[in-house]
$ cat coords_22.csv   # CSV, C-alpha atoms
chain,number,residue,atom,x,y,z
D,1,MET,CA,65.6,92.0,60.0
D,2,THR,CA,67.5,88.8,60.6
D,3,THR,CA,65.7,85.5,60.9
D,4,ASN,CA,66.6,82.9,63.5
D,5,PRO,CA,67.8,80.1,64.2
D,6,ILE,CA,71.1,81.0,65.8
D,7,ARG,CA,69.5,81.7,69.2
D,8,THR,CA,68.3,78.5,70.8
D,9,GLY,CA,65.0,78.8,72.7
D,10,LEU,CA,63.4,81.0,70.1
D,11,PRO,CA,60.7,79.7,67.7
D,12,PRO,CA,62.2,79.2,64.2
D,13,HIS,CA,60.1,82.1,62.7
D,14,ALA,CA,61.4,84.6,65.3
D,15,ARG,CA,63.1,87.7,63.8
D,16,GLN,CA,65.8,89.9,65.2
D,17,VAL,CA,64.3,93.4,65.3
D,18,PHE,CA,67.1,95.2,67.1
D,19,LYS,CA,70.8,94.5,67.7
D,20,GLY,CA,72.6,96.6,70.2
D,21,GLU,CA,76.0,96.5,72.0
D,22,ILE,CA,75.2,93.6,74.2
D,23,PHE,CA,71.5,92.9,73.7
D,24,GLU,CA,69.4,91.7,70.8
D,25,VAL,CA,65.6,92.0,70.6
D,26,TRP,CA,63.6,89.2,68.9
D,27,GLN,CA,59.9,89.1,68.0
D,28,TRP,CA,57.5,86.6,66.5
D,29,LYS,CA,53.8,86.2,66.0
D,30,GLN,CA,52.5,83.8,68.6
D,31,GLU,CA,49.2,82.0,68.2
D,32,MET,CA,47.0,82.4,71.3
D,33,PHE,CA,44.6,79.8,72.8
D,34,ASP,CA,41.6,81.4,71.0
D,35,GLY,CA,43.3,81.4,67.5
D,36,THR,CA,44.2,85.1,67.5
D,37,THR,CA,47.9,86.2,67.3
D,38,GLU,CA,50.0,88.6,69.3
D,39,ILE,CA,53.6,89.8,69.0
D,40,PHE,CA,55.8,88.1,71.5
D,41,GLU,CA,59.2,89.5,72.4
D,42,ARG,CA,62.4,88.2,74.0
D,43,ILE,CA,65.8,89.6,74.7
D,44,TRP,CA,69.0,87.7,73.9
D,45,ARG,CA,72.1,88.7,75.8
D,46,TYR,CA,75.6,87.6,75.4
D,47,PRO,CA,76.3,84.7,77.8
D,48,SER,CA,78.4,85.3,80.9
D,49,VAL,CA,81.1,83.1,82.5
D,50,GLU,CA,81.7,82.9,86.2
D,51,VAL,CA,84.8,81.2,87.4
D,52,ILE,CA,85.3,79.7,90.9
D,53,ALA,CA,89.1,79.8,90.8
D,54,THR,CA,91.1,78.1,93.6
D,55,VAL,CA,94.6,78.5,94.9
D,56,GLY,CA,95.3,75.7,97.4
D,57,ASP,CA,92.3,75.6,99.7
D,58,LYS,CA,91.2,79.2,99.0
D,59,ILE,CA,88.9,80.7,96.4
D,60,MET,CA,89.5,83.9,94.4
D,61,LEU,CA,87.2,86.8,95.1
D,62,GLU,CA,87.4,90.1,93.3
D,63,GLU,CA,86.8,93.5,94.9
D,64,GLN,CA,85.9,95.7,92.0
D,65,ASP,CA,85.0,99.1,90.6
D,66,GLN,CA,83.3,99.7,87.2
D,67,PRO,CA,82.5,103.1,85.8
D,68,ASP,CA,78.7,102.7,86.5
D,69,HIS,CA,79.0,100.3,89.4
D,70,PRO,CA,81.5,101.1,92.2
D,71,ASN,CA,82.7,98.9,95.1
D,72,PHE,CA,81.3,95.5,94.6
D,73,LEU,CA,82.5,91.9,95.1
D,74,SER,CA,82.4,89.1,92.6
D,75,LEU,CA,83.8,85.9,91.4
D,76,VAL,CA,86.1,86.0,88.4
D,77,SER,CA,83.5,86.7,85.7
D,78,GLY,CA,82.8,88.4,82.4
D,79,ARG,CA,80.9,88.6,79.2
D,80,ALA,CA,81.5,85.9,76.7
D,81,ASP,CA,81.5,88.1,73.6
D,82,ARG,CA,84.6,87.0,71.7
D,83,SER,CA,83.6,83.4,70.8
D,84,GLN,CA,81.0,80.7,71.4
D,85,ASP,CA,83.6,78.6,73.2
D,86,MET,CA,82.7,79.2,76.9
D,87,LEU,CA,85.7,77.4,78.3
D,88,ALA,CA,88.0,79.6,76.2
D,89,GLU,CA,86.1,82.7,77.3
D,90,ALA,CA,86.4,81.7,81.0
D,91,GLN,CA,90.2,81.0,80.6
D,92,ARG,CA,90.6,84.4,79.0
D,93,GLU,CA,88.7,86.2,81.7
D,94,LEU,CA,90.8,84.5,84.5
D,95,LEU,CA,94.1,85.3,82.8
D,96,GLU,CA,93.1,89.0,82.1
D,97,GLU,CA,91.5,89.8,85.5
D,98,THR,CA,94.0,87.9,87.7
D,99,GLY,CA,97.1,86.9,85.8
D,100,TYR,CA,96.5,83.3,87.0
D,101,ARG,CA,95.9,80.2,84.9
D,102,SER,CA,94.8,76.6,85.6
D,103,ASP,CA,95.3,73.3,83.9
D,104,ASP,CA,92.2,71.7,85.6
D,105,TRP,CA,88.9,73.2,84.4
D,106,HIS,CA,85.4,71.8,85.0
D,107,LEU,CA,82.1,73.1,83.8
D,108,LEU,CA,80.0,73.0,86.9
D,109,TRP,CA,76.5,74.0,85.7
D,110,LYS,CA,74.7,76.4,83.4
D,111,GLU,CA,72.0,78.8,84.5
D,112,GLY,CA,69.4,80.9,82.6
D,113,GLY,CA,68.6,80.8,79.0
D,114,GLU,CA,64.8,80.5,79.7
D,115,GLY,CA,62.3,83.2,80.3
D,116,LYS,CA,61.9,86.5,78.4
D,117,VAL,CA,65.5,87.5,78.9
D,118,MET,CA,67.7,84.7,77.6
D,119,HIS,CA,71.0,85.0,79.4
D,120,GLU,CA,73.1,82.0,79.9
D,121,VAL,CA,75.6,82.0,82.8
D,122,HIS,CA,78.2,79.2,82.7
D,123,TYR,CA,79.9,78.4,86.0
D,124,PHE,CA,83.4,76.8,85.9
D,125,ALA,CA,85.8,75.6,88.5
D,126,ALA,CA,89.5,76.4,87.7
D,127,ARG,CA,91.4,74.4,90.2
D,128,ASP,CA,95.0,74.9,91.5
D,129,CYS,CA,95.6,78.2,89.8
D,130,GLU,CA,99.1,79.5,89.4
D,131,LYS,CA,100.2,83.1,88.7
D,132,VAL,CA,101.8,83.4,85.3
D,133,ARG,CA,101.8,87.1,84.7
D,134,GLU,CA,100.3,90.5,85.8
D,135,GLN,CA,96.6,91.5,85.5
D,136,GLN,CA,95.6,93.0,82.2
D,137,LEU,CA,92.6,95.1,83.0
D,138,ASP,CA,90.6,97.1,80.4
D,139,ALA,CA,89.6,100.7,80.8
D,140,GLY,CA,86.3,99.8,82.5
D,141,GLU,CA,87.8,97.6,85.3
D,142,ARG,CA,89.6,98.2,88.6
D,143,ILE,CA,90.1,94.8,90.4
D,144,THR,CA,91.8,93.8,93.6
D,145,LEU,CA,92.1,90.1,94.3
D,146,LYS,CA,91.4,88.4,97.6
D,147,LEU,CA,91.7,84.7,98.6
D,148,ILE,CA,88.8,83.5,100.8
D,149,THR,CA,87.8,80.2,102.4
D,150,PHE,CA,84.9,78.0,101.3
D,151,ASP,CA,83.0,79.1,104.4
D,152,ASP,CA,83.7,82.7,103.6
D,153,MET,CA,82.1,82.1,100.2
D,154,LEU,CA,79.0,80.6,101.8
D,155,ALA,CA,78.8,83.7,104.0
D,156,LEU,CA,78.7,85.9,100.9
D,157,ALA,CA,75.0,84.9,100.5
D,158,ASP,CA,74.4,87.6,103.2
D,159,GLU,CA,76.7,90.3,101.7
D,160,PRO,CA,74.8,93.0,99.7
D,161,ARG,CA,78.0,94.0,97.9
D,162,PHE,CA,78.4,90.5,96.4
D,163,TRP,CA,77.3,90.7,92.8
D,164,THR,CA,76.3,87.4,91.4
D,165,SER,CA,73.2,85.6,90.1
D,166,PRO,CA,70.4,85.1,92.6
D,167,ARG,CA,70.5,81.4,91.6
D,168,PHE,CA,74.1,81.1,92.8
D,169,ILE,CA,72.9,82.6,96.2
D,170,ASN,CA,70.4,79.8,96.3
D,171,ARG,CA,73.2,77.3,96.0
D,172,LEU,CA,75.1,79.0,98.8
D,173,LEU,CA,72.1,79.1,101.1
D,174,ARG,CA,71.4,75.3,100.5
D,175,ALA,CA,75.0,74.5,101.1
D,176,ARG,CA,74.9,76.4,104.4
D,177,THR,CA,72.0,74.4,105.8
D,178,ASP,CA,72.3,71.0,104.1
D,179,SER,CA,75.5,69.0,104.6
D,180,ALA,CA,75.0,66.9,101.5
D,181,ALA,CA,74.6,70.0,99.4
D,182,ARG,CA,77.7,71.5,101.1
D,183,ASP,CA,79.8,68.4,100.5
D,184,GLU,CA,78.7,68.3,96.8
D,185,LEU,CA,79.5,72.0,96.2
D,186,HIS,CA,82.9,71.6,97.9
D,187,ALA,CA,83.7,68.6,95.8
D,188,MET,CA,82.7,70.4,92.6
D,189,ILE,CA,85.0,73.3,93.4
D,190,PHE,CA,88.0,71.5,94.9
D,191,GLY,CA,87.6,68.0,93.5
D,192,GLU,CA,87.0,64.8,95.4
D,193,LYS,CA,89.3,64.3,98.3
W,1,MET,CA,65.5,108.8,69.9
W,2,THR,CA,63.9,109.8,73.2
W,3,THR,CA,65.9,111.3,76.0
W,4,ASN,CA,65.6,110.2,79.6
W,5,PRO,CA,64.6,110.9,82.5
W,6,ILE,CA,61.5,108.7,82.8
W,7,ARG,CA,63.4,105.6,83.7
W,8,THR,CA,65.1,105.9,87.1
W,9,GLY,CA,68.5,104.3,87.4
W,10,LEU,CA,69.7,105.6,84.0
W,11,PRO,CA,72.1,108.5,83.6
W,12,PRO,CA,70.3,111.7,82.5
W,13,HIS,CA,71.9,111.6,79.1
W,14,ALA,CA,70.8,108.1,78.3
W,15,ARG,CA,68.8,107.8,75.1
W,16,GLN,CA,66.1,105.3,74.2
W,17,VAL,CA,67.3,103.5,71.0
W,18,PHE,CA,64.6,100.9,70.7
W,19,LYS,CA,61.1,100.5,72.0
W,20,GLY,CA,59.4,97.1,71.6
W,21,GLU,CA,56.3,95.4,72.9
W,22,ILE,CA,57.6,95.0,76.5
W,23,PHE,CA,61.2,96.0,76.4
W,24,GLU,CA,63.1,99.3,75.8
W,25,VAL,CA,66.8,99.6,75.0
W,26,TRP,CA,68.7,102.6,76.3
W,27,GLN,CA,72.3,103.6,75.6
W,28,TRP,CA,74.7,106.3,76.7
W,29,LYS,CA,78.3,107.3,76.4
W,30,GLN,CA,80.1,106.2,79.5
W,31,GLU,CA,83.5,107.7,80.5
W,32,MET,CA,85.9,105.0,81.4
W,33,PHE,CA,88.7,105.1,84.0
W,34,ASP,CA,91.3,106.1,81.4
W,35,GLY,CA,89.2,109.0,80.0
W,36,THR,CA,88.0,107.1,76.9
W,37,THR,CA,84.3,106.6,76.3
W,38,GLU,CA,82.3,103.5,75.4
W,39,ILE,CA,78.6,102.9,74.6
W,40,PHE,CA,76.9,101.4,77.6
W,41,GLU,CA,73.5,99.7,77.2
W,42,ARG,CA,70.6,98.7,79.4
W,43,ILE,CA,67.2,97.1,79.0
W,44,TRP,CA,64.1,98.6,80.7
W,45,ARG,CA,61.2,96.2,81.1
W,46,TYR,CA,57.7,96.8,82.3
W,47,PRO,CA,57.5,96.1,86.1
W,48,SER,CA,55.8,93.0,87.3
W,49,VAL,CA,53.5,92.5,90.2
W,50,GLU,CA,53.4,89.3,92.3
W,51,VAL,CA,50.5,88.9,94.7
W,52,ILE,CA,50.6,86.6,97.8
W,53,ALA,CA,46.8,86.3,98.1
W,54,THR,CA,45.3,84.6,101.2
W,55,VAL,CA,42.0,83.0,101.8
W,56,GLY,CA,41.7,82.1,105.5
W,57,ASP,CA,45.1,80.4,106.4
W,58,LYS,CA,45.7,79.4,102.8
W,59,ILE,CA,47.7,81.0,99.9
W,60,MET,CA,46.5,81.1,96.3
W,61,LEU,CA,48.7,79.2,93.8
W,62,GLU,CA,48.0,79.2,90.0
W,63,GLU,CA,48.6,76.2,87.8
W,64,GLN,CA,49.0,77.7,84.4
W,65,ASP,CA,49.5,77.3,80.7
W,66,GLN,CA,50.7,80.1,78.4
W,67,PRO,CA,51.1,79.7,74.6
W,68,ASP,CA,54.9,79.6,74.8
W,69,HIS,CA,55.2,78.2,78.4
W,70,PRO,CA,53.0,75.2,79.3
W,71,ASN,CA,52.3,73.7,82.7
W,72,PHE,CA,53.9,75.9,85.4
W,73,LEU,CA,53.0,77.1,88.8
W,74,SER,CA,53.0,80.7,90.0
W,75,LEU,CA,51.7,83.2,92.4
W,76,VAL,CA,49.0,85.6,91.1
W,77,SER,CA,51.2,87.8,88.9
W,78,GLY,CA,51.4,89.8,85.8
W,79,ARG,CA,52.9,92.7,83.8
W,80,ALA,CA,52.2,96.2,85.1
W,81,ASP,CA,51.6,97.7,81.7
W,82,ARG,CA,48.4,99.7,82.1
W,83,SER,CA,49.6,102.3,84.6
W,84,GLN,CA,52.4,103.3,87.0
W,85,ASP,CA,50.1,102.6,90.0
W,86,MET,CA,51.5,99.2,91.1
W,87,LEU,CA,48.8,98.6,93.7
W,88,ALA,CA,46.1,99.2,91.1
W,89,GLU,CA,47.9,96.8,88.7
W,90,ALA,CA,48.1,94.1,91.4
W,91,GLN,CA,44.4,94.5,92.2
W,92,ARG,CA,43.5,94.2,88.5
W,93,GLU,CA,45.6,91.0,88.1
W,94,LEU,CA,44.1,89.4,91.2
W,95,LEU,CA,40.5,90.2,90.0
W,96,GLU,CA,41.1,89.1,86.4
W,97,GLU,CA,43.1,85.9,87.1
W,98,THR,CA,41.1,84.7,90.1
W,99,GLY,CA,37.8,86.6,90.5
W,100,TYR,CA,38.8,87.4,94.1
W,101,ARG,CA,39.3,90.7,95.7
W,102,SER,CA,40.8,91.9,99.0
W,103,ASP,CA,40.3,95.0,101.2
W,104,ASP,CA,43.6,94.5,103.0
W,105,TRP,CA,46.6,95.1,100.7
W,106,HIS,CA,50.3,95.5,101.7
W,107,LEU,CA,53.3,96.2,99.6
W,108,LEU,CA,55.9,93.7,101.0
W,109,TRP,CA,59.0,94.4,99.1
W,110,LYS,CA,60.4,95.4,95.7
W,111,GLU,CA,63.1,93.5,93.8
W,112,GLY,CA,65.2,94.2,90.8
W,113,GLY,CA,65.6,97.5,89.0
W,114,GLU,CA,69.4,97.3,89.2
W,115,GLY,CA,71.8,95.7,86.8
W,116,LYS,CA,71.8,95.8,83.0
W,117,VAL,CA,68.2,94.5,82.8
W,118,MET,CA,66.1,96.9,84.8
W,119,HIS,CA,63.0,95.0,85.8
W,120,GLU,CA,61.2,95.8,89.0
W,121,VAL,CA,59.0,93.2,90.7
W,122,HIS,CA,56.6,94.4,93.4
W,123,TYR,CA,55.4,91.8,95.9
W,124,PHE,CA,52.1,92.4,97.6
W,125,ALA,CA,50.1,90.6,100.2
W,126,ALA,CA,46.3,90.6,99.6
W,127,ARG,CA,44.8,89.3,102.8
W,128,ASP,CA,41.4,87.6,103.4
W,129,CYS,CA,40.4,87.5,99.8
W,130,GLU,CA,36.7,86.9,98.8
W,131,LYS,CA,35.4,85.7,95.5
W,132,VAL,CA,33.3,88.4,93.8
W,133,ARG,CA,33.0,87.1,90.2
W,134,GLU,CA,34.4,84.6,87.7
W,135,GLN,CA,37.9,84.7,86.3
W,136,GLN,CA,38.3,86.9,83.2
W,137,LEU,CA,41.4,85.4,81.4
W,138,ASP,CA,42.8,86.8,78.3
W,139,ALA,CA,43.7,84.8,75.2
W,140,GLY,CA,47.2,83.9,76.4
W,141,GLU,CA,46.1,82.4,79.8
W,142,ARG,CA,44.7,79.2,81.1
W,143,ILE,CA,44.8,79.3,84.9
W,144,THR,CA,43.5,76.8,87.6
W,145,LEU,CA,43.5,78.0,91.2
W,146,LYS,CA,44.8,76.0,94.2
W,147,LEU,CA,44.9,76.9,97.9
W,148,ILE,CA,48.0,75.8,99.6
W,149,THR,CA,49.4,76.1,103.1
W,150,PHE,CA,52.3,78.4,104.2
W,151,ASP,CA,54.5,75.2,104.5
W,152,ASP,CA,53.5,74.2,101.0
W,153,MET,CA,54.7,77.5,99.7
W,154,LEU,CA,58.1,77.1,101.5
W,155,ALA,CA,58.4,73.7,99.8
W,156,LEU,CA,57.9,75.3,96.4
W,157,ALA,CA,61.6,76.4,96.6
W,158,ASP,CA,62.4,72.8,95.4
W,159,GLU,CA,59.7,72.6,92.7
W,160,PRO,CA,61.1,73.1,89.2
W,161,ARG,CA,57.6,74.0,87.8
W,162,PHE,CA,57.3,77.0,90.2
W,163,TRP,CA,58.0,80.1,88.1
W,164,THR,CA,59.0,83.0,90.2
W,165,SER,CA,62.0,85.2,90.8
W,166,PRO,CA,65.2,83.5,92.1
W,167,ARG,CA,65.2,86.2,94.8
W,168,PHE,CA,61.9,85.0,96.1
W,169,ILE,CA,63.3,81.4,96.2
W,170,ASN,CA,66.0,82.9,98.5
W,171,ARG,CA,63.3,84.1,100.8
W,172,LEU,CA,61.7,80.8,100.9
W,173,LEU,CA,65.0,79.0,101.6
W,174,ARG,CA,65.8,81.4,104.4
W,175,ALA,CA,62.3,81.0,106.0
W,176,ARG,CA,62.8,77.2,105.9
W,177,THR,CA,65.9,77.2,107.9
W,178,ASP,CA,65.7,80.3,110.1
W,179,SER,CA,62.7,80.5,112.5
W,180,ALA,CA,62.9,84.4,112.8
W,181,ALA,CA,62.9,84.7,108.9
W,182,ARG,CA,60.0,82.2,108.9
W,183,ASP,CA,57.9,84.2,111.5
W,184,GLU,CA,58.7,87.4,109.7
W,185,LEU,CA,57.5,86.1,106.3
W,186,HIS,CA,54.4,84.6,107.8
W,187,ALA,CA,53.5,87.9,109.5
W,188,MET,CA,54.1,89.8,106.3
W,189,ILE,CA,51.6,87.5,104.4
W,190,PHE,CA,48.9,86.9,107.1
W,191,GLY,CA,49.5,89.9,109.4
W,192,GLU,CA,50.5,89.8,113.1
W,193,LYS,CA,48.5,87.4,115.2

$ encode --input "coords_22.csv" --output "structure tokens"
Amino acid sequence: MTTNPIRTGLPPHARQVFKGEIFEVWQWKQEMFDGTTEIFERIWRYPSVEVIATVGDKIMLEEQDQPDHPNFLSLVSGRADRSQDMLAEAQRELLEETGYRSDDWHLLWKEGGEGKVMHEVHYFAARDCEKVREQQLDAGERITLKLITFDDMLALADEPRFWTSPRFINRLLRARTDSAARDELHAMIFGEK
Amino acid sequence: MTTNPIRTGLPPHARQVFKGEIFEVWQWKQEMFDGTTEIFERIWRYPSVEVIATVGDKIMLEEQDQPDHPNFLSLVSGRADRSQDMLAEAQRELLEETGYRSDDWHLLWKEGGEGKVMHEVHYFAARDCEKVREQQLDAGERITLKLITFDDMLALADEPRFWTSPRFINRLLRARTDSAARDELHAMIFGEK
């Protein structure tokens, strides 16, 4: 039983009651409104990184198979389980999954972390990527790269095979119907023109 | 160590390695593309029910405090932890949280269940509700009821205090900008006119 406080968002007296491969379970005694207490429980999960990687005016999309999840589409993405440096994790995922690198990285926004399943997702732009070597996939990945336009990316909000966070779909939907939101998202990804 | 198959979506040889208050952790050996195996892990969480409850042409919204989550807005909702009958769970939550009941229930759609955190959310319409008794809140709830219009509900997509699934926000955004999606959602909630 490990005590906190390495996981932000948990009360200081929360205790880790299980640690698995990618999930931890934390519990604490929570005082209720009538003075009684109950056991409250939350899951901590390794953060993820999602990379909107650009080559010229195109965006990298992965067509992918995983052993328990065939035939889906995604951004460059992965589990940040090697370090707590999210930028380094994002750079590693880009290089391993695509063979590309960028010298122009920007943290765009962070999702999640709240609620009973604490799972942070860090979205980065990696602008003007260049290919520097071959893909280095691990045994659980089969990835084919595609280059798509900004409008293609917005259209992915309607694509059931596109595997991303529902909050990112919200951003795509807003950008499709609100020109200010569209311009803002475009500038975040490609930089100001 | 309990073996499956009570949790759909898990491979038959998955084993429960932890059971907490509201979460279970399941693991199995997954064969990778190169023939090696790795431990794969998923979380199962009690399903939730969300109720879009109507009174005349209005929809019930809850303004709520919970011990670890003050001052948020939500639909009538709760954890389905008493039975596997989602309709009965939704009817119980509506009666306890609001004191209202309905004789006209419709399962609208089901979310979630896929991914590494398996959490099903069942959305119901409870049409033409009538008050039959007082609220019966438990020690972890403080709930004030409001009646809002359909357009108010669509506007909640921009309200940070509105606590719901991001996929439901997607539906609200689509209904705001696509009149066919708007008419469809309205008919699901209030019935065909």

$ interface_residues --input "coords_22.csv" --of "chain W" --to "chain D" --cutoff "6 Å" --atoms "all atoms listed in the file" --output "list in words"
Met32, Phe33, Asp34, Pro67, Ala139, Gly140, Pro166, Arg167 and Asn170 of chain W

$ residues_near_point --input "coords_22.csv" --point "(92.8, 78.0, 96.5)" --cutoff "8 Å" --atoms "only C-alpha atoms" --output "number ranges by chain"
D: 53-60, 127-129, 147

$ residues_around --input "coords_22.csv" --residues "region 95-100 of chain D" --least-positions-apart "3" --cutoff "6 Å" --atoms "only C-alpha atoms" --output "PyMOL selection string"
chain D and resi 92+129-137

$ write_last_selection --input "coords_22.csv" --atoms "C-alpha atoms" --output "compact mmCIF listing (two decimals), in the frame of the given file"
# COMPACT_ATOMS: atom_id res chain seq x y z
CA ARG D 92 90.60 84.40 79.00
CA CYS D 129 95.60 78.20 89.80
CA GLU D 130 99.10 79.50 89.40
CA LYS D 131 100.20 83.10 88.70
CA VAL D 132 101.80 83.40 85.30
CA ARG D 133 101.80 87.10 84.70
CA GLU D 134 100.30 90.50 85.80
CA GLN D 135 96.60 91.50 85.50
CA GLN D 136 95.60 93.00 82.20
CA LEU D 137 92.60 95.10 83.00

$ atom_distance --input "coords_22.csv" --atom1 "CA of Asp151 (chain D)" --atom2 "CA of His186 (chain W)"
29.3 Å

$ residues_near_point --input "coords_22.csv" --point "(79.9, 95.4, 100.9)" --cutoff "8 Å" --atoms "only C-alpha atoms" --output "list in words"
Asn71, Phe72, Leu73, Glu159, Pro160, Arg161 and Phe162 of chain D

$ closest_residue --input "coords_22.csv" --among "D:Ala175, D:Asp103, D:Arg7, D:Leu156" --to "Ala187 (chain D)" --atoms "only C-alpha atoms"
D:Ala175

$ closest_residue --input "coords_22.csv" --among "W:Lys146, W:His122, W:Arg15, W:Arg182" --to "Glu89 (chain W)" --atoms "only C-alpha atoms"
W:His122

$ residues_around --input "coords_22.csv" --residues "Ser77 (chain D)" --least-positions-apart "4" --cutoff "8 Å" --atoms "only C-alpha atoms" --output "list in words"
Ser48, Val49, Glu50, Val51, Ala90, Glu93 and Leu94 of chain D

$ atom_distance --input "coords_22.csv" --atom1 "CA of Ile52 (chain D)" --atom2 "CA of Ala125 (chain D)"
4.8 Å

$ residues_around --input "coords_22.csv" --residues "Lys110 (chain W)" --least-positions-apart "4" --cutoff "9 Å" --atoms "only C-alpha atoms" --output "list in words"
Glu120, Val121, His122 and Tyr123 of chain W

$ closest_residue --input "coords_22.csv" --among "W:Ser74, W:Thr8, W:Gln16, W:Ser83" --to "Leu145 (chain W)" --atoms "all atoms listed in the file"
W:Ser74

$ atom_distance --input "coords_22.csv" --atom1 "CA of Phe124 (chain D)" --atom2 "CA of Ala180 (chain D)"
20.3 Å

$ decode --input "coords_22.csv" --residues "region 34-47 of chain D" --atoms "N, CA, C and O atoms" --output "PDB file, in the first residue's frame"
ATOM      1  N   ASP D  34     -23.281  13.927   5.543  1.00  0.00           N
ATOM      2  CA  ASP D  34     -23.894  13.682   6.857  1.00  0.00           C
ATOM      3  C   ASP D  34     -22.882  13.219   7.900  1.00  0.00           C
ATOM      4  O   ASP D  34     -23.255  12.765   8.979  1.00  0.00           O
ATOM      5  N   GLY D  35     -21.557  13.321   7.569  1.00  0.00           N
ATOM      6  CA  GLY D  35     -20.527  12.967   8.539  1.00  0.00           C
ATOM      7  C   GLY D  35     -20.085  11.516   8.486  1.00  0.00           C
ATOM      8  O   GLY D  35     -19.059  11.157   9.070  1.00  0.00           O
ATOM      9  N   THR D  36     -20.831  10.664   7.776  1.00  0.00           N
ATOM     10  CA  THR D  36     -20.384   9.282   7.591  1.00  0.00           C
ATOM     11  C   THR D  36     -19.224   9.260   6.583  1.00  0.00           C
ATOM     12  O   THR D  36     -18.927  10.279   5.947  1.00  0.00           O
ATOM     13  N   THR D  37     -18.553   8.122   6.465  1.00  0.00           N
ATOM     14  CA  THR D  37     -17.482   8.012   5.466  1.00  0.00           C
ATOM     15  C   THR D  37     -17.759   6.834   4.540  1.00  0.00           C
ATOM     16  O   THR D  37     -18.412   5.861   4.929  1.00  0.00           O
ATOM     17  N   GLU D  38     -17.273   6.976   3.312  1.00  0.00           N
ATOM     18  CA  GLU D  38     -17.341   5.881   2.344  1.00  0.00           C
ATOM     19  C   GLU D  38     -15.986   5.762   1.658  1.00  0.00           C
ATOM     20  O   GLU D  38     -15.216   6.713   1.623  1.00  0.00           O
ATOM     21  N   ILE D  39     -15.714   4.572   1.118  1.00  0.00           N
ATOM     22  CA  ILE D  39     -14.488   4.368   0.344  1.00  0.00           C
ATOM     23  C   ILE D  39     -14.706   4.925  -1.051  1.00  0.00           C
ATOM     24  O   ILE D  39     -15.583   4.460  -1.782  1.00  0.00           O
ATOM     25  N   PHE D  40     -13.919   5.928  -1.435  1.00  0.00           N
ATOM     26  CA  PHE D  40     -13.945   6.445  -2.804  1.00  0.00           C
ATOM     27  C   PHE D  40     -12.763   5.853  -3.567  1.00  0.00           C
ATOM     28  O   PHE D  40     -11.729   5.540  -2.972  1.00  0.00           O
ATOM     29  N   GLU D  41     -12.914   5.756  -4.869  1.00  0.00           N
ATOM     30  CA  GLU D  41     -11.939   5.025  -5.677  1.00  0.00           C
ATOM     31  C   GLU D  41     -11.720   5.741  -6.995  1.00  0.00           C
ATOM     32  O   GLU D  41     -12.685   6.210  -7.610  1.00  0.00           O
ATOM     33  N   ARG D  42     -10.462   5.822  -7.414  1.00  0.00           N
ATOM     34  CA  ARG D  42     -10.162   6.350  -8.745  1.00  0.00           C
ATOM     35  C   ARG D  42      -9.072   5.519  -9.401  1.00  0.00           C
ATOM     36  O   ARG D  42      -8.255   4.893  -8.742  1.00  0.00           O
ATOM     37  N   ILE D  43      -9.078   5.596 -10.719  1.00  0.00           N
ATOM     38  CA  ILE D  43      -8.056   4.936 -11.533  1.00  0.00           C
ATOM     39  C   ILE D  43      -7.067   5.984 -12.006  1.00  0.00           C
ATOM     40  O   ILE D  43      -7.461   7.074 -12.445  1.00  0.00           O
ATOM     41  N   TRP D  44      -5.771   5.671 -11.917  1.00  0.00           N
ATOM     42  CA  TRP D  44      -4.754   6.480 -12.585  1.00  0.00           C
ATOM     43  C   TRP D  44      -4.212   5.655 -13.751  1.00  0.00           C
ATOM     44  O   TRP D  44      -3.990   4.445 -13.615  1.00  0.00           O
ATOM     45  N   ARG D  45      -4.044   6.319 -14.861  1.00  0.00           N
ATOM     46  CA  ARG D  45      -3.566   5.637 -16.059  1.00  0.00           C
ATOM     47  C   ARG D  45      -2.405   6.438 -16.619  1.00  0.00           C
ATOM     48  O   ARG D  45      -2.439   7.668 -16.589  1.00  0.00           O
ATOM     49  N   TYR D  46      -1.396   5.765 -17.146  1.00  0.00           N
ATOM     50  CA  TYR D  46      -0.288   6.490 -17.773  1.00  0.00           C
ATOM     51  C   TYR D  46      -0.824   7.533 -18.742  1.00  0.00           C
ATOM     52  O   TYR D  46      -1.756   7.255 -19.505  1.00  0.00           O
ATOM     53  N   PRO D  47      -0.241   8.746 -18.752  1.00  0.00           N
ATOM     54  CA  PRO D  47      -0.676   9.743 -19.736  1.00  0.00           C
ATOM     55  C   PRO D  47      -0.435   9.245 -21.160  1.00  0.00           C
ATOM     56  O   PRO D  47       0.369   8.334 -21.396  1.00  0.00           O
TER      57      PRO D  47
END
